[in-house]
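Structure first, commentary second.
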Amino acid sequence: MNQKLILNEILKNSPISRAALSEITGLNKSTVSSQVNELIEKNLIFEIGAGQSSGGRRPVMLVFNKNAGYSIGIDIGVDYLNGILTDLEGNIILEKASDLSSPSAGEVKEILFALIHDFIIHMPDSPYGLVGIGICVPGLVDSNQKIIFMPNLEWYIEDLQLLIESEFNVPVFVENEANAGACGEKVFGVTKNYENIIYISINVGIGVGIIINNELYKGVNGFSGEMGHMTIDFNGPKCSCGNRGCWELYASEKALLDSFSNDEKNMSRKEIVERANKNDVAVLNALQNFGFYVSIGLTNILNTFDAQAIILRNNIIESHPIVLNTIKNEVSSRVNSHLESMCELLPSSLGRNAPALGAVSIVMEHFLNVTTS
Ligand SMILES: [Zn+2]
């Protein structure tokens with residue numbers, strides 16, 4: 001316990017002296033000293049400043065060894081795959097993204113294995129090597145990390161964790177994409193000092209990740225945050241989930257694309273943003289509608305959670321201000337002003353890497369827990 005506490009403070013405040021650690025943690029100096037020695041032996045921290053005498057006496061400071069090991073995070077989307085290799089502070093060493101178009105389970109396995117092998121080949125030498133792999137998927141993942149349901153996908157591998165663990169012999173964690181994204185923003189994003197945040201991922205569908213009092217809220221079975229399926233119109237069209245008039249039928253990226261005329265339905269996100277930048281009226285209208293529909297669900301979420309921040313993860317929202325501005329105007333006209341003024345509406349600061357970084361944060365938390373206990 002003490003060792004973990006000390007390591008956490010070094011992580012937050014690096015570089016830090018033994019005396020400052022003792023002050024912050026309330027542990028006596030000999031306890032701090034013996035735990036610090038163990039952490040140095042474990043290669044998790046190192047000393048700087050020793051022996052530098054010019055300019056007066058400098059205290060020996062302790063620094064977290066971010067290169068003690070490496071972690072892999074992979075976000076498997078409906079039509080993309082995004083992988084990162086990071087050090088133990090979540091700094092990205094390598095990044096690989098590719099488009100997926102309705103792959104089979106066999107193809108997904110092949111692409112995943114090739115990507116992980118490639119990262120391992122390019123990983124720098126380190127005391128711990130690869131400490132784990134985090135994977136996230138756009139579907140229901142239960143509390144045993146089994147994939148239960150993936151609504152928008154052709155492929156399905158229930159025990160992805162076991163499959164990857166038996167190939168690479170490192171701890172593997174599988175998480176829902178929106179939950180992972182929320183963890184990413186909480187650990188590495190601009191909201192890392194916030195305790196209560198809601199992360200909304202708008203893609204082919206809509207997923208929500210909920211952080212309450214610094215903890216991911218997963219629900220009893222791990223299925224919380226399926227707010228893409230909250231009812232916006234009780235007489236609305238039938239959704240694949242069984243309900244009618246679900247939010248994601250109106251406010252997802254798929255709904256946005258469907259709103260364009262036939263020959264424009266296959267526009268890329270990049271093309272949409274380019275045309276918006278050129279003041280293409282049809283695209284600007286479509287984006288304004290998109291923002292309107294997003295704001296309807298957001299109003300419900302704001303009223304439910306009273307969070308410090310709501311983070312919107314979507315390539316178009318992050319690249320062109322019209323959607324976010326429409327959302328802000330619409331939400332402020334619908335939500336009680338006290339509630340609205342207290343909650344920040346922010347585009348994701350981590351962008352498309354948010355879920356993969358969140359998967360990495362889960363790996364790192366496990367690694368630091370295991371190595372300090
Ligand atoms: Zn639905």
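Chain lettering (A, B, ...) mirrors the order of the structure tokens, residue numbering begins at 1 for each chain separately, and ligand numbering begins at 1 in order of display.
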For the strand (DSSP E or B) assignment from backbone DSSP, which residues of region 74-243 of chain A qualify? Please present them as number ranges by chain. A: 74-76, 80-86, 92-99, 130-137, 140-141, 147-149, 172-176, 197-202, 206-212, 215-216, 231, 238
Identify, counting only C-alpha atoms and all ligand atoms, the protein, DNA and RNA residues located within 7 Å of ligand 1, and give them as a list in words.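 Selection of residues at most 7 Å from ligand 1: Gly228, His229, Cys239, Ser240, Cys241, Gly242, Asn243, Arg244 and Cys246 of chain A.
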Residues as selected, N, CA and C atoms, written as a PDB file, in the first residue's frame, can you do that?
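Writing done, so here's result.pdb:
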```
ATOM      1  N   GLY A 228     -26.937   5.948 -26.560  1.00  0.00           N
ATOM      2  CA  GLY A 228     -27.298   6.067 -27.969  1.00  0.00           C
ATOM      3  C   GLY A 228     -28.696   5.516 -28.200  1.00  0.00           C
ATOM      4  N   HIS A 229     -29.153   4.679 -27.258  1.00  0.00           N
ATOM      5  CA  HIS A 229     -30.480   4.062 -27.400  1.00  0.00           C
ATOM      6  C   HIS A 229     -31.519   4.668 -26.467  1.00  0.00           C
ATOM      7  N   CYS A 239     -35.307   0.790 -34.215  1.00  0.00           N
ATOM      8  CA  CYS A 239     -33.846   0.708 -34.108  1.00  0.00           C
ATOM      9  C   CYS A 239     -33.440  -0.771 -34.015  1.00  0.00           C
ATOM     10  N   SER A 240     -32.173  -1.086 -34.355  1.00  0.00           N
ATOM     11  CA  SER A 240     -31.701  -2.478 -34.295  1.00  0.00           C
ATOM     12  C   SER A 240     -31.733  -3.018 -32.862  1.00  0.00           C
ATOM     13  N   CYS A 241     -31.803  -2.130 -31.866  1.00  0.00           N
ATOM     14  CA  CYS A 241     -31.804  -2.577 -30.472  1.00  0.00           C
ATOM     15  C   CYS A 241     -33.187  -3.070 -30.039  1.00  0.00           C
ATOM     16  N   GLY A 242     -34.238  -2.776 -30.845  1.00  0.00           N
ATOM     17  CA  GLY A 242     -35.592  -3.174 -30.465  1.00  0.00           C
ATOM     18  C   GLY A 242     -36.468  -1.990 -30.107  1.00  0.00           C
ATOM     19  N   ASN A 243     -35.826  -0.905 -29.712  1.00  0.00           N
ATOM     20  CA  ASN A 243     -36.549   0.314 -29.328  1.00  0.00           C
ATOM     21  C   ASN A 243     -36.942   1.120 -30.577  1.00  0.00           C
ATOM     22  N   ARG A 244     -37.624   2.209 -30.363  1.00  0.00           N
ATOM     23  CA  ARG A 244     -37.988   3.128 -31.445  1.00  0.00           C
ATOM     24  C   ARG A 244     -37.412   4.515 -31.174  1.00  0.00           C
ATOM     25  N   CYS A 246     -34.483   5.922 -31.285  1.00  0.00           N
ATOM     26  CA  CYS A 246     -33.272   6.070 -30.458  1.00  0.00           C
ATOM     27  C   CYS A 246     -32.430   7.265 -30.920  1.00  0.00           C
TER      28      CYS A 246
END
```
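Between Val331 (chain A) and the residues A:Ile164, A:Met227, A:Val190, A:Ile301, the shortest atom-to-atom distance, using only C-alpha atoms, involves A:Ile301.
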Would you kindly return, as an MDAnalysis selection string, each protein, DNA or RNA residue with an atom no farther than 8 Å from any atom of Phe46 (chain A), considering only C-alpha atoms and excluding same-chain residues fewer than 2 positions away? chainID A and resid 40 43:44 48 62:65
Write to file, as a CSV table (one decimal), in the first residue's frame, the residues of the selection just made, with C-alpha atoms.
```csv
chain,number,residue,atom,x,y,z
A,40,ILE,CA,14.6,2.1,-7.6
A,43,ASN,CA,13.5,0.1,-12.1
A,44,LEU,CA,10.2,2.1,-11.7
A,48,ILE,CA,18.5,12.9,-10.7
A,62,LEU,CA,13.1,11.1,-7.8
A,63,VAL,CA,11.7,10.7,-11.3
A,64,PHE,CA,9.2,8.1,-12.6
A,65,ASN,CA,10.9,5.8,-15.2
```
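Pairwise distance (CA of Asn2 (chain A), CA of Gly181 (chain A)) equals 29.7 Å.
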I need the residue nearest Ile6 (chain A) from this list: A:Arg352, A:Lys270, A:Arg18, A:Arg334. Use only C-alpha atoms for the distance.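 The answer is A:Arg18, which sits nearest to Ile6 (chain A).
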Distance criterion (only C-alpha atoms): nearest to Ile200 (chain A) out of A:Val360, A:Ile310, A:Ala68, A:Leu160: A:Ile310
From the list A:Leu368, A:Val281, A:Ile316, A:Ile202, which residue is nearest Trp247 (chain A) when using only C-alpha atoms?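 Closest to Trp247 (chain A), using only C-alpha atoms: A:Ile202.
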